[in-house]
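The structure file final30.txt is reproduced below (compact mmCIF, C-alpha atoms and all ligand atoms).
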# COMPACT_ATOMS: atom_id res chain seq x y z
CA MET A 10 68.35 117.82 149.48
CA THR A 11 70.57 115.66 147.29
CA ALA A 12 69.68 112.00 146.80
CA THR A 13 71.84 109.31 145.20
CA LEU A 14 70.75 105.77 144.37
CA PHE A 15 73.61 103.29 143.99
CA GLU A 16 72.31 100.52 141.72
CA ASN A 17 73.48 97.06 140.67
CA ALA A 18 76.12 96.95 143.37
CA SER A 19 77.62 94.00 145.15
CA ILE A 20 77.34 95.24 148.73
CA ILE A 21 79.73 94.44 151.57
CA ASP A 22 77.95 96.05 154.50
CA GLY A 23 80.81 95.96 157.03
CA THR A 24 79.08 93.66 159.52
CA GLY A 25 80.84 90.52 158.28
CA ALA A 26 77.79 89.39 156.28
CA ALA A 27 78.40 87.86 152.86
CA PRO A 28 78.22 90.27 149.91
CA PHE A 29 74.74 90.71 148.46
CA ALA A 30 73.42 92.34 145.30
CA GLY A 31 71.25 95.39 145.57
CA ALA A 32 70.81 99.12 145.82
CA VAL A 33 71.61 101.74 148.43
CA LEU A 34 69.91 105.11 148.73
CA VAL A 35 71.72 108.11 150.18
CA GLU A 36 69.83 111.27 151.06
CA SER A 37 71.87 114.26 152.12
CA ASP A 38 74.59 112.86 154.44
CA ARG A 39 72.93 109.57 155.34
CA ILE A 40 72.05 106.14 154.04
CA THR A 41 68.25 106.03 154.16
CA ALA A 42 67.47 102.63 152.62
CA VAL A 43 69.18 99.42 151.47
CA GLY A 44 67.94 96.74 149.03
CA PRO A 45 64.42 96.80 147.48
CA ALA A 46 63.40 99.54 149.94
CA ALA A 47 66.06 101.79 148.42
CA GLU A 48 64.66 101.39 144.89
CA GLU A 49 61.13 101.91 146.08
CA ARG A 50 61.96 105.04 148.05
CA ALA A 51 64.00 106.41 145.13
CA ARG A 52 60.94 106.21 142.85
CA ALA A 53 59.39 108.94 144.99
CA LEU A 54 62.50 111.08 144.45
CA PRO A 55 62.48 111.84 140.72
CA GLY A 56 65.55 114.09 140.99
CA ALA A 57 67.71 111.37 142.55
CA ARG A 58 71.08 110.79 140.89
CA ARG A 59 71.59 107.20 139.82
CA VAL A 60 75.03 105.59 139.99
CA ASP A 61 75.35 102.25 138.18
CA LEU A 62 77.82 100.06 140.04
CA ALA A 63 77.80 97.01 137.75
CA GLY A 64 81.07 95.13 138.35
CA GLN A 65 81.80 97.14 141.48
CA THR A 66 81.60 96.55 145.19
CA LEU A 67 79.96 99.14 147.43
CA MET A 68 81.31 99.06 150.95
CA PRO A 69 81.86 101.39 153.91
CA GLY A 70 84.92 103.60 153.44
CA LEU A 71 88.06 102.39 155.18
CA ILE A 72 88.77 103.74 158.65
CA ASP A 73 92.47 103.91 159.44
CA ALA A 74 92.66 103.90 163.23
CA HIS A 75 96.34 104.80 163.39
CA CYS A 76 97.49 107.35 160.84
CA HIS A 77 99.87 110.28 161.39
CA LEU A 78 98.77 112.71 158.72
CA SER A 79 101.14 115.47 159.90
CA PHE A 80 104.34 113.43 159.55
CA ASP A 81 104.67 113.63 155.74
CA ASP A 82 106.28 110.21 155.21
CA ALA A 83 109.14 111.02 157.59
CA SER A 84 112.14 108.76 157.52
CA SER A 85 113.36 109.72 160.98
CA ASN A 86 112.23 111.27 164.24
CA SER A 87 114.94 113.92 163.81
CA GLU A 88 113.00 115.34 160.88
CA LEU A 89 109.82 115.53 162.89
CA PHE A 90 111.51 117.04 165.94
CA PHE A 91 113.87 119.55 164.37
CA GLN A 92 113.15 120.15 160.69
CA ARG A 93 109.44 120.83 160.54
CA ARG A 94 107.39 124.04 160.71
CA PRO A 95 103.74 124.22 161.75
CA GLY A 96 102.24 126.05 158.76
CA LEU A 97 103.99 123.93 156.20
CA ALA A 98 103.24 120.74 158.15
CA ALA A 99 99.52 121.58 157.98
CA ILE A 100 99.71 122.32 154.25
CA THR A 101 101.46 119.01 153.55
CA ALA A 102 98.82 117.25 155.67
CA LEU A 103 96.12 118.65 153.36
CA TYR A 104 98.11 117.53 150.32
CA ASN A 105 98.53 114.04 151.74
CA ALA A 106 94.87 113.82 152.74
CA ARG A 107 94.03 113.55 149.04
CA LYS A 108 96.16 110.41 148.83
CA LEU A 109 94.14 108.87 151.64
CA LEU A 110 90.86 109.62 149.86
CA ARG A 111 92.24 108.08 146.67
CA ALA A 112 92.92 104.92 148.68
CA GLY A 113 89.31 104.71 149.86
CA VAL A 114 89.94 106.04 153.38
CA THR A 115 86.98 108.02 154.72
CA GLY A 116 88.07 108.30 158.35
CA ILE A 117 91.25 108.34 160.41
CA LEU A 118 92.28 108.47 164.03
CA ASP A 119 95.41 110.61 164.15
CA PRO A 120 96.91 109.82 167.56
CA ASP A 121 99.50 112.59 167.82
CA SER A 122 100.83 115.28 165.53
CA VAL A 123 103.67 117.76 165.22
CA PHE A 124 102.61 121.11 166.72
CA GLU A 125 99.20 119.51 167.44
CA ILE A 126 98.21 120.72 163.98
CA MET A 127 95.76 117.89 163.36
CA ILE A 128 93.32 119.64 165.68
CA ASP A 129 93.19 122.48 163.14
CA VAL A 130 93.09 120.13 160.15
CA ARG A 131 90.17 118.28 161.75
CA ASP A 132 88.27 121.49 162.35
CA ALA A 133 88.90 122.55 158.74
CA GLN A 134 87.56 119.20 157.49
CA GLU A 135 84.48 119.41 159.68
CA ALA A 136 83.76 122.94 158.49
CA GLY A 137 84.02 121.85 154.86
CA LEU A 138 87.06 124.06 154.15
CA ILE A 139 89.01 121.11 152.79
CA GLU A 140 88.41 117.67 151.34
CA ALA A 141 89.80 115.01 153.63
CA PRO A 142 88.66 111.91 155.48
CA ARG A 143 86.86 112.41 158.78
CA ILE A 144 89.44 112.96 161.49
CA ALA A 145 89.49 112.13 165.16
CA SER A 146 92.56 113.73 166.64
CA GLY A 147 94.84 113.52 169.63
CA CYS A 148 97.26 116.32 170.57
CA TYR A 149 100.80 115.66 171.78
CA ALA A 150 101.58 112.14 173.01
CA LEU A 151 102.14 112.14 176.77
CA ILE A 152 105.41 110.67 177.97
CA PRO A 153 107.16 110.72 181.35
CA GLY A 154 110.76 111.85 181.78
CA LEU A 155 112.10 108.61 180.36
CA GLY A 156 110.92 109.64 176.92
CA GLY A 157 109.11 107.56 174.37
CA THR A 158 110.71 105.53 171.63
CA ALA A 159 113.02 108.24 170.29
CA GLY A 160 115.55 108.00 173.08
CA GLY A 161 117.91 110.90 173.67
CA LEU A 162 116.33 113.06 170.97
CA ILE A 163 113.53 113.98 173.37
CA ARG A 164 114.10 116.94 175.68
CA ASP A 165 113.83 116.27 179.41
CA THR A 166 110.85 118.61 179.75
CA GLY A 167 108.27 120.31 177.56
CA ILE A 168 107.49 119.63 173.90
CA THR A 169 109.60 117.72 171.40
CA GLY A 170 107.97 117.08 168.03
CA TYR A 171 104.76 115.20 168.73
CA TYR A 172 105.61 114.47 172.39
CA SER A 173 104.85 116.31 175.60
CA VAL A 174 106.89 115.33 178.66
CA VAL A 175 104.87 115.41 181.88
CA ASN A 176 106.47 114.76 185.24
CA GLY A 177 104.43 114.33 188.39
CA ARG A 178 100.76 114.69 189.19
CA ASP A 179 100.48 118.44 188.61
CA GLU A 180 101.97 118.37 185.11
CA ILE A 181 99.94 115.30 184.14
CA MET A 182 96.68 116.88 185.24
CA ALA A 183 97.45 120.26 183.69
CA GLU A 184 98.46 118.81 180.31
CA VAL A 185 95.46 116.48 180.02
CA ARG A 186 93.14 119.37 180.80
CA ARG A 187 94.99 121.69 178.41
CA GLN A 188 94.70 119.15 175.57
CA ILE A 189 90.99 118.79 176.18
CA LYS A 190 90.63 122.58 176.17
CA VAL A 191 92.48 122.71 172.84
CA GLY A 192 90.03 120.16 171.43
CA ALA A 193 91.54 116.69 171.73
CA ASP A 194 89.16 113.90 170.75
CA TRP A 195 91.46 111.44 172.48
CA ILE A 196 94.37 111.64 174.92
CA LYS A 197 97.40 109.70 173.64
CA VAL A 198 99.85 108.10 176.05
CA HIS A 199 103.12 106.37 175.21
CA VAL A 200 102.78 103.74 177.89
CA SER A 201 106.04 102.03 176.96
CA GLY A 202 109.35 103.57 176.00
CA VAL A 203 112.96 102.71 175.66
CA ALA A 204 116.16 104.10 177.15
CA PRO A 205 119.03 103.83 174.65
CA ARG A 206 121.40 102.01 177.00
CA TYR A 207 118.70 99.46 177.78
CA ALA A 208 117.31 99.10 174.28
CA HIS A 209 118.21 95.42 174.30
CA LEU A 210 115.49 94.92 176.92
CA GLY A 211 112.88 96.19 174.45
CA GLU A 212 110.22 98.74 175.35
CA LYS A 213 109.46 98.97 179.05
CA CYS A 214 106.42 100.36 180.81
CA SER A 215 107.53 103.87 181.71
CA TRP A 216 104.67 104.90 184.01
CA THR A 217 103.41 103.63 187.33
CA LEU A 218 99.88 102.27 187.41
CA GLU A 219 98.87 105.25 189.57
CA GLU A 220 100.11 107.72 186.95
CA LEU A 221 98.15 105.99 184.19
CA GLN A 222 95.07 105.90 186.39
CA LEU A 223 95.44 109.62 187.00
CA ILE A 224 95.53 110.35 183.25
CA CYS A 225 92.42 108.26 182.71
CA GLU A 226 90.62 109.75 185.71
CA VAL A 227 91.19 113.35 184.60
CA ALA A 228 90.31 112.61 180.95
CA HIS A 229 87.28 110.47 181.72
CA ASP A 230 85.90 113.06 184.13
CA LEU A 231 85.79 115.40 181.14
CA GLY A 232 84.30 112.75 178.84
CA VAL A 233 87.42 112.16 176.75
CA PRO A 234 88.81 108.66 176.08
CA VAL A 235 92.46 107.65 176.40
CA MET A 236 94.55 105.59 173.99
CA GLY A 237 97.91 104.02 174.72
CA HIS A 238 100.93 102.85 172.76
CA CYS A 239 101.87 99.66 174.63
CA ARG A 240 104.60 97.15 173.93
CA GLY A 241 105.40 94.48 176.48
CA ASP A 242 103.30 92.65 179.03
CA VAL A 243 103.57 95.13 181.90
CA ALA A 244 102.63 98.09 179.68
CA VAL A 245 99.55 96.34 178.30
CA ARG A 246 98.47 95.11 181.73
CA ARG A 247 98.79 98.51 183.39
CA ALA A 248 97.08 100.24 180.47
CA VAL A 249 94.09 97.91 180.77
CA LEU A 250 93.98 98.16 184.56
CA SER A 251 94.11 101.95 184.42
CA GLY A 252 90.92 101.98 182.35
CA MET A 253 92.44 102.98 179.03
CA ASP A 254 89.95 102.88 176.16
CA LEU A 255 92.05 101.79 173.15
CA LEU A 256 95.41 100.05 172.94
CA PHE A 257 97.90 100.30 170.09
CA HIS A 258 100.24 97.37 169.33
CA ALA A 259 99.60 95.37 172.54
CA THR A 260 102.51 93.07 171.77
CA GLY A 261 104.36 90.77 174.15
CA MET A 262 101.33 89.86 176.26
CA GLN A 263 101.43 86.95 178.67
CA PRO A 264 98.33 84.69 178.58
CA GLU A 265 96.99 86.19 181.84
CA THR A 266 97.11 89.66 180.32
CA VAL A 267 95.18 88.39 177.30
CA ASP A 268 92.61 87.06 179.80
CA LEU A 269 92.40 90.47 181.43
CA LEU A 270 91.90 92.16 178.05
CA ILE A 271 89.19 89.67 177.17
CA ASP A 272 87.52 90.39 180.47
CA ARG A 273 87.55 94.17 179.90
CA LYS A 274 86.91 93.97 176.11
CA THR A 275 89.32 96.87 175.53
CA PRO A 276 89.63 97.43 171.75
CA VAL A 277 93.06 96.82 170.24
CA CYS A 278 94.65 98.31 167.13
CA PRO A 279 97.80 96.21 166.51
CA ALA A 280 99.07 98.51 163.70
CA MET A 281 101.54 96.00 162.30
CA THR A 282 101.58 97.14 158.69
CA PHE A 283 104.93 98.84 159.28
CA GLN A 284 106.45 95.54 160.41
CA ALA A 285 104.75 93.58 157.63
CA ASN A 286 106.12 95.98 155.02
CA LEU A 287 109.60 95.66 156.44
CA VAL A 288 109.33 91.87 156.30
CA ASP A 289 108.22 91.92 152.66
CA HIS A 290 110.26 94.82 151.33
CA GLY A 291 113.16 95.13 153.78
CA PRO A 292 115.46 92.75 151.89
CA ALA A 293 115.18 94.83 148.70
CA LEU A 294 115.93 97.98 150.73
CA GLY A 295 119.03 96.48 152.31
CA THR A 296 117.55 96.21 155.82
CA ALA A 297 119.65 93.97 158.08
CA PRO A 298 118.23 90.40 158.18
CA ALA A 299 118.37 90.44 162.00
CA LEU A 300 116.12 93.51 162.09
CA ILE A 301 113.72 91.95 159.60
CA SER A 302 113.35 88.79 161.66
CA LEU A 303 112.91 90.90 164.80
CA PHE A 304 109.95 92.68 163.18
CA GLU A 305 108.46 89.46 161.84
CA ARG A 306 108.71 87.92 165.30
CA GLU A 307 106.74 90.87 166.69
CA ILE A 308 103.87 89.83 164.40
CA THR A 309 104.16 86.06 164.78
CA ASP A 310 104.69 86.23 168.56
CA SER A 311 101.43 88.17 168.84
CA ALA A 312 99.44 85.89 166.54
CA ASP A 313 98.10 83.61 169.27
CA SER A 314 97.11 86.54 171.50
CA MET A 315 95.34 88.35 168.66
CA ARG A 316 93.53 85.17 167.61
CA ARG A 317 92.30 84.73 171.18
CA LEU A 318 91.17 88.34 171.46
CA HIS A 319 89.31 88.12 168.18
CA ALA A 320 87.67 84.80 169.05
CA ALA A 321 86.51 86.25 172.38
CA GLY A 322 84.90 89.25 170.74
CA VAL A 323 87.48 91.91 171.64
CA PRO A 324 87.25 94.48 168.81
CA LEU A 325 90.37 94.64 166.65
CA LEU A 326 90.86 97.78 164.56
CA CYS A 327 93.03 98.34 161.49
CA GLY A 328 95.76 100.97 161.62
CA SER A 329 98.48 101.59 159.05
CA GLU A 330 100.93 103.78 161.04
CA ALA A 331 101.12 105.80 157.80
CA GLY A 332 103.22 108.92 158.17
CA PHE A 333 106.56 107.17 158.01
CA SER A 334 108.51 106.46 154.84
CA MET A 335 108.09 102.69 155.28
CA VAL A 336 104.30 103.16 155.09
CA PRO A 337 103.76 106.02 152.60
CA TYR A 338 100.34 107.65 152.43
CA GLY A 339 97.85 106.24 149.99
CA HIS A 340 99.39 102.81 149.46
CA TRP A 341 98.99 100.69 152.55
CA HIS A 342 95.72 101.54 154.29
CA HIS A 343 94.27 98.15 153.28
CA ARG A 344 97.38 96.22 154.32
CA GLU A 345 96.50 95.63 157.98
CA MET A 346 93.52 93.59 156.77
CA GLU A 347 95.94 91.32 154.91
CA VAL A 348 98.03 91.01 158.10
CA PHE A 349 94.89 90.00 160.03
CA VAL A 350 94.11 87.32 157.42
CA ARG A 351 97.66 86.04 156.98
CA TYR A 352 98.84 86.03 160.58
CA PHE A 353 95.70 86.11 162.74
CA GLY A 354 93.59 83.61 160.78
CA MET A 355 90.66 85.92 160.04
CA SER A 356 88.37 85.55 157.07
CA LYS A 357 88.59 88.41 154.60
CA LEU A 358 85.12 89.62 155.56
CA GLU A 359 86.09 89.63 159.25
CA ALA A 360 89.17 91.68 158.41
CA ILE A 361 87.04 94.12 156.41
CA THR A 362 84.78 94.52 159.45
CA CYS A 363 87.86 95.48 161.50
CA ALA A 364 88.66 98.24 158.98
CA THR A 365 85.09 99.54 158.77
CA ARG A 366 82.56 98.84 161.52
CA ASN A 367 85.16 98.42 164.28
CA GLY A 368 87.02 101.52 163.10
CA ALA A 369 84.02 103.69 163.90
CA PHE A 370 85.00 103.39 167.55
CA ALA A 371 88.26 105.21 166.80
CA LEU A 372 86.24 108.05 165.28
CA LYS A 373 83.95 108.05 168.34
CA MET A 374 81.14 107.29 165.87
CA GLU A 375 80.27 103.73 166.86
CA GLY A 376 76.92 102.79 165.35
CA ARG A 377 76.90 105.93 163.19
CA THR A 378 79.36 105.02 160.40
CA GLY A 379 81.43 102.06 159.19
CA VAL A 380 78.37 100.00 158.21
CA ILE A 381 75.99 100.15 155.26
CA ALA A 382 72.55 100.32 156.86
CA ALA A 383 69.72 102.81 157.03
CA GLY A 384 70.52 105.66 159.39
CA MET A 385 74.31 105.43 159.01
CA LYS A 386 76.45 108.27 157.72
CA ALA A 387 77.14 107.86 154.00
CA ASP A 388 80.90 107.28 154.19
CA LEU A 389 81.22 104.96 151.21
CA LEU A 390 83.68 103.39 148.85
CA CYS A 391 83.00 102.00 145.38
CA VAL A 392 85.73 99.63 144.28
CA ARG A 393 86.23 97.70 141.05
CA GLY A 394 86.53 94.03 141.97
CA ASP A 395 85.62 92.10 145.10
CA PRO A 396 87.66 92.74 148.27
CA SER A 397 85.98 89.75 149.95
CA VAL A 398 87.88 87.58 147.45
CA ASP A 399 91.06 89.66 147.20
CA ILE A 400 91.67 92.43 149.73
CA GLY A 401 94.58 93.50 147.54
CA VAL A 402 92.21 95.15 145.02
CA LEU A 403 91.93 97.96 147.58
CA GLY A 404 95.66 98.60 147.31
CA HIS A 405 95.51 100.05 143.79
CA SER A 406 94.06 103.52 143.35
CA GLU A 407 92.89 102.70 139.81
CA ASN A 408 90.40 100.29 141.41
CA ILE A 409 88.95 102.99 143.65
CA ALA A 410 86.06 104.17 141.49
CA SER A 411 84.49 106.72 143.83
CA VAL A 412 84.60 107.74 147.48
CA TRP A 413 81.90 109.49 149.47
CA VAL A 414 82.34 111.29 152.79
CA ASP A 415 79.22 112.49 154.56
CA GLY A 416 77.20 111.78 151.42
CA ARG A 417 79.41 113.94 149.18
CA GLU A 418 81.54 112.50 146.38
CA VAL A 419 85.16 113.57 146.79
CA ASP A 420 87.69 114.54 144.14
CA LEU A 421 89.90 111.54 143.34
CA SER A 422 92.13 113.26 140.80
CA PRO A 423 95.81 112.81 141.69
CA PRO A 424 97.46 115.65 143.61
CA PRO A 425 100.01 117.64 141.59
CA ALA A 426 103.57 116.28 141.50
CA ARG A 427 105.65 117.79 144.29
CA LYS A 428 109.25 118.88 144.49
CA PRO A 429 111.48 118.61 147.57
CA LEU A 430 110.77 121.11 150.36
CA LYS A 431 113.94 122.91 151.38
CA GLY A 432 115.15 122.02 154.86
CA TRP A 433 112.28 119.60 155.39
CA THR A 434 114.14 116.34 155.76
CA VAL A 435 117.44 115.34 157.29
CA PRO A 436 120.02 115.31 154.50
CA SER A 437 121.88 112.08 154.00
CA MET A 438 125.56 112.93 153.73
CA GLY A 439 126.31 109.53 152.30
CA ALA A 440 123.95 109.91 149.37
CA ARG A 441 125.53 113.26 148.50
CA LEU A 442 129.11 112.08 148.25
CA PRO A 443 130.22 112.70 144.68
CA ASN A 444 132.28 109.56 144.61
CA PRO A 445 131.66 106.94 147.30
CA GLY A 446 134.80 105.18 146.10
CA ILE A 447 136.87 107.89 147.78
CA VAL A 448 135.61 106.74 151.15
CA ASP A 449 136.47 103.14 150.38
CA SER A 450 140.04 104.06 149.63
CA LEU A 451 140.60 106.10 152.80
ZN ZN A 501 102.00 105.73 165.68
The structure in this file should be written as structure tokens.
Ligand SMILES: [Zn+2]
Amino acid sequence: MTATLFENASIIDGTGAAPFAGAVLVESDRITAVGPAAEERARALPGARRVDLAGQTLMPGLIDAHCHLSFDDASSNSELFFQRRPGLAAITALYNARKLLRAGVTGILDPDSVFEIMIDVRDAQEAGLIEAPRIASGCYALIPGLGGTAGGLIRDTGITGYYSVVNGRDEIMAEVRRQIKVGADWIKVHVSGVAPRYAHLGEKCSWTLEELQLICEVAHDLGVPVMGHCRGDVAVRRAVLSGMDLLFHATGMQPETVDLLIDRKTPVCPAMTFQANLVDHGPALGTAPALISLFEREITDSADSMRRLHAAGVPLLCGSEAGFSMVPYGHWHHREMEVFVRYFGMSKLEAITCATRNGAFALKMEGRTGVIAAGMKADLLCVRGDPSVDIGVLGHSENIASVWVDGREVDLSPPPARKPLKGWTVPSMGARLPNPGIVDSL
């Protein structure tokens, strides 16, 4: 059995407690002792490896509760729906998994994936075939005939990209059961969607309460939780009433819906990093100011609700929505914590708890990882600097000194440089024009 003693560390344990100096002992895949007990126990293990963490912080690895590892930094849904192939999508997911490890991520919830390939990637990780964070995986996202948020790109029936259209009771029940047979850890539902002609109304709840209840009933009977993408008051309300177990976004809530959520204590993963990045970097990318202010409003309009949820003890989880080009893998997995501090008034340690202890729920490992304490899985991150002073230190891979998943140190060397994959992305005709001036003169 391998044993590792982390010495001279400043420890952030993930519970919200202030950092403290000390040692942590890991035996095999678990933390077995913290503080003086760790040093004492290590003395009886003469073969134990010692890791000196002077100047470093030892903390639980980050858990990204909303990460699409199969999307390969897509810049459009068209790419995901029409340009991708299953084998290559899985290979790029493995490539990108290394970027997550280099950012200190030791666990992700991948809500939905192209070709449902994350089920296979998860099994490969669990079997030790590949190095990657722990993965909890959904299959295809369920949507009704209206479609999700990709409008007319989605076929009226069957599979499109990461979506599965289900119409009526029979299709709903069959697809939920099929996904569980395939190995879904979670069932993902797009509770709200948008029809192109009515986009100005924003996302609307696209299921009846009875339909959502049916999804939850079938899944819960088989012991599988349900997570929902919800924007708008009606979507959030129905998702909570249906018994859904985890909500993404949960924007646009009326105060009574916040009350309901507080009553049920349904965990929420706002996943607003995408919007925050657009606010900060959109101007440099030429994004229309109106769109930028729309995205900022989505954050600021939710600030009061999220503050109330947090104050009432509703667990908030951190999710990056990585998988899209606005949130490239490996760079922004810490960013949601900054959003929680900046917009939702959390302390930095509270935000860290959201990305560690609270994230364990997304992995279905509550009380088994996400905290540094005896008995927990050794999913650990050693970082140069102090994230309780500056969360931003987690945003630079050179600060990530070492990462441990299941008690094993992972390879943090950078993945090899890649070249474009032929036919993988939607070509931009505009960027290929030899002389844009020709167009101007037409
Ligand atoms: Zn998503």
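Between atom CA of A:Leu71 and atom CA of A:Glu140 the separation is 15.8 Å.
Across the structure, atom CA of A:Gly261 and atom CA of A:Lys213 are spaced 10.8 Å apart.
Pairwise distance (atom CA of A:Ser201, atom CA of A:Gln188) equals 20.6 Å.
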Which chain A residues have any atom within 7 Å of an atom of ligand ZN 501 (chain A), and for each, what is the nearest pair of atoms with distance in Å to one decimal, counting all atoms listed in the file, rows sorted by chain and number, as a tab-separated table?
residue	atom	partner	partner_atom	distance
A:His75	CA	A:ZN501	ZN	6.2
A:Cys76	CA	A:ZN501	ZN	6.8
A:His77	CA	A:ZN501	ZN	6.6
A:Pro120	CA	A:ZN501	ZN	6.8
A:Glu330	CA	A:ZN501	ZN	5.1
Residues within 8 Å of (110.3, 106.8, 161.6), file coordinates, counting only C-alpha atoms: what are they? Give the list as a PyMOL selection string.
chain A and resi 83-86+333-335
Which residues are close to A:His258, i.e. within 10 Å by only C-alpha atoms, leaving aside same-chain residues fewer than 2 positions away? Reply as number ranges by chain.
A: 237-241, 245, 256, 260-261, 277-281, 307-308, 311, 328
Can I get the selection written as a PDB file, keeping the file's coordinate frame, with C-alpha atoms?
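And here's result30.pdb as it stands now:
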ATOM      1  CA  GLY A 237      97.910 104.020 174.720  1.00  0.00           C
ATOM      2  CA  HIS A 238     100.930 102.850 172.760  1.00  0.00           C
ATOM      3  CA  CYS A 239     101.870  99.660 174.630  1.00  0.00           C
ATOM      4  CA  ARG A 240     104.600  97.150 173.930  1.00  0.00           C
ATOM      5  CA  GLY A 241     105.400  94.480 176.480  1.00  0.00           C
ATOM      6  CA  VAL A 245      99.550  96.340 178.300  1.00  0.00           C
ATOM      7  CA  LEU A 256      95.410 100.050 172.940  1.00  0.00           C
ATOM      8  CA  THR A 260     102.510  93.070 171.770  1.00  0.00           C
ATOM      9  CA  GLY A 261     104.360  90.770 174.150  1.00  0.00           C
ATOM     10  CA  VAL A 277      93.060  96.820 170.240  1.00  0.00           C
ATOM     11  CA  CYS A 278      94.650  98.310 167.130  1.00  0.00           C
ATOM     12  CA  PRO A 279      97.800  96.210 166.510  1.00  0.00           C
ATOM     13  CA  ALA A 280      99.070  98.510 163.700  1.00  0.00           C
ATOM     14  CA  MET A 281     101.540  96.000 162.300  1.00  0.00           C
ATOM     15  CA  GLU A 307     106.740  90.870 166.690  1.00  0.00           C
ATOM     16  CA  ILE A 308     103.870  89.830 164.400  1.00  0.00           C
ATOM     17  CA  SER A 311     101.430  88.170 168.840  1.00  0.00           C
ATOM     18  CA  GLY A 328      95.760 100.970 161.620  1.00  0.00           C
TER      19      GLY A 328
END
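Neighbouring residues of A:Ile400 at 9 Å or closer, counting all atoms listed in the file and skipping chain neighbours under 5 positions away, are His343, Arg344, Met346, Glu347, Lys357, Ile361 and Asp395 of chain A.
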Using the file's own x, y and z axes, so that the box edges lie along x, y and z, what centre and edge lengths in Å (one decimal) does a box around every listed atom of stretch 104-110 of chain A get when 4 Å is added on each side? Give it as JSON.
{"center_x": 94.7, "center_y": 113.2, "center_z": 150.8, "size_x": 15.7, "size_y": 16.7, "size_z": 11.9}
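Between A:Pro142 and the candidates A:Cys363, A:Cys391, A:Leu78, A:Ala159, the tightest atom-to-atom separation, counting all atoms listed in the file, involves A:Leu78.
Closest approach to A:Pro234 among A:Gln65, A:Gln284, A:Thr378, A:Ser146: A:Ser146, based on all atoms listed in the file.
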Do you know which residues are at most 12 Å from A:Leu318 counting all atoms listed in the file, after dropping those on the same chain fewer than 5 positions away, and could you put them as a ChimeraX atom specification?
/A:259,262,264,266-279,311-313,323-326,353-355
Distance criterion (all atoms listed in the file): nearest to A:Ala26 out of A:Arg39, A:Arg246, A:Arg366, A:Lys108:
A:Arg366
Contact check, stretch 61-158 of chain A to stretch 163-185 of chain A, at most 7 Å, counting all atoms listed in the file, closest pairs as a tab-separated table:
residue	atom	partner	partner_atom	distance
A:Leu89	CA	A:Gly170	CA	5.7
A:Phe90	CA	A:Gly170	CA	4.1
A:Asp121	CA	A:Tyr171	CA	5.9
A:Ser122	CA	A:Tyr171	CA	5.1
A:Val123	CA	A:Tyr171	CA	4.5
A:Phe124	CA	A:Tyr171	CA	6.6
A:Tyr149	CA	A:Tyr172	CA	5.0
A:Ala150	CA	A:Tyr172	CA	4.7
A:Leu151	CA	A:Ser173	CA	5.1
A:Ile152	CA	A:Val174	CA	4.9
A:Pro153	CA	A:Val175	CA	5.2
A:Gly154	CA	A:Asp165	CA	5.9
A:Gly156	CA	A:Ile163	CA	6.2
Selected residues written out, C-alpha atoms, as a PDB file, in the frame of the given file:
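As written to disk, selection.pdb reads:
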ATOM      1  CA  LEU A  89     109.820 115.530 162.890  1.00  0.00           C
ATOM      2  CA  PHE A  90     111.510 117.040 165.940  1.00  0.00           C
ATOM      3  CA  ASP A 121      99.500 112.590 167.820  1.00  0.00           C
ATOM      4  CA  SER A 122     100.830 115.280 165.530  1.00  0.00           C
ATOM      5  CA  VAL A 123     103.670 117.760 165.220  1.00  0.00           C
ATOM      6  CA  PHE A 124     102.610 121.110 166.720  1.00  0.00           C
ATOM      7  CA  TYR A 149     100.800 115.660 171.780  1.00  0.00           C
ATOM      8  CA  ALA A 150     101.580 112.140 173.010  1.00  0.00           C
ATOM      9  CA  LEU A 151     102.140 112.140 176.770  1.00  0.00           C
ATOM     10  CA  ILE A 152     105.410 110.670 177.970  1.00  0.00           C
ATOM     11  CA  PRO A 153     107.160 110.720 181.350  1.00  0.00           C
ATOM     12  CA  GLY A 154     110.760 111.850 181.780  1.00  0.00           C
ATOM     13  CA  GLY A 156     110.920 109.640 176.920  1.00  0.00           C
TER      14      GLY A 156
END
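Nearest residue to A:Ser314, choosing from A:Pro298, A:Glu265, A:Lys386, A:Asn286 and counting all atoms listed in the file: A:Glu265.
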Need to verify the contact set: stretch 136-138 of chain A, 12 Å, only C-alpha atoms, exclusion of same-chain residues closer than 4 positions in sequence. Can you return it as a ChimeraX atom specification?
/A:103,129-132,142-144,414-415,417,419
Next, write the just-selected residues to a file, as a PDB file, keeping the file's coordinate frame, keeping C-alpha atoms as the atom set.
ATOM      1  CA  LEU A 103      96.120 118.650 153.360  1.00  0.00           C
ATOM      2  CA  ASP A 129      93.190 122.480 163.140  1.00  0.00           C
ATOM      3  CA  VAL A 130      93.090 120.130 160.150  1.00  0.00           C
ATOM      4  CA  ARG A 131      90.170 118.280 161.750  1.00  0.00           C
ATOM      5  CA  ASP A 132      88.270 121.490 162.350  1.00  0.00           C
ATOM      6  CA  PRO A 142      88.660 111.910 155.480  1.00  0.00           C
ATOM      7  CA  ARG A 143      86.860 112.410 158.780  1.00  0.00           C
ATOM      8  CA  ILE A 144      89.440 112.960 161.490  1.00  0.00           C
ATOM      9  CA  VAL A 414      82.340 111.290 152.790  1.00  0.00           C
ATOM     10  CA  ASP A 415      79.220 112.490 154.560  1.00  0.00           C
ATOM     11  CA  ARG A 417      79.410 113.940 149.180  1.00  0.00           C
ATOM     12  CA  VAL A 419      85.160 113.570 146.790  1.00  0.00           C
TER      13      VAL A 419
END
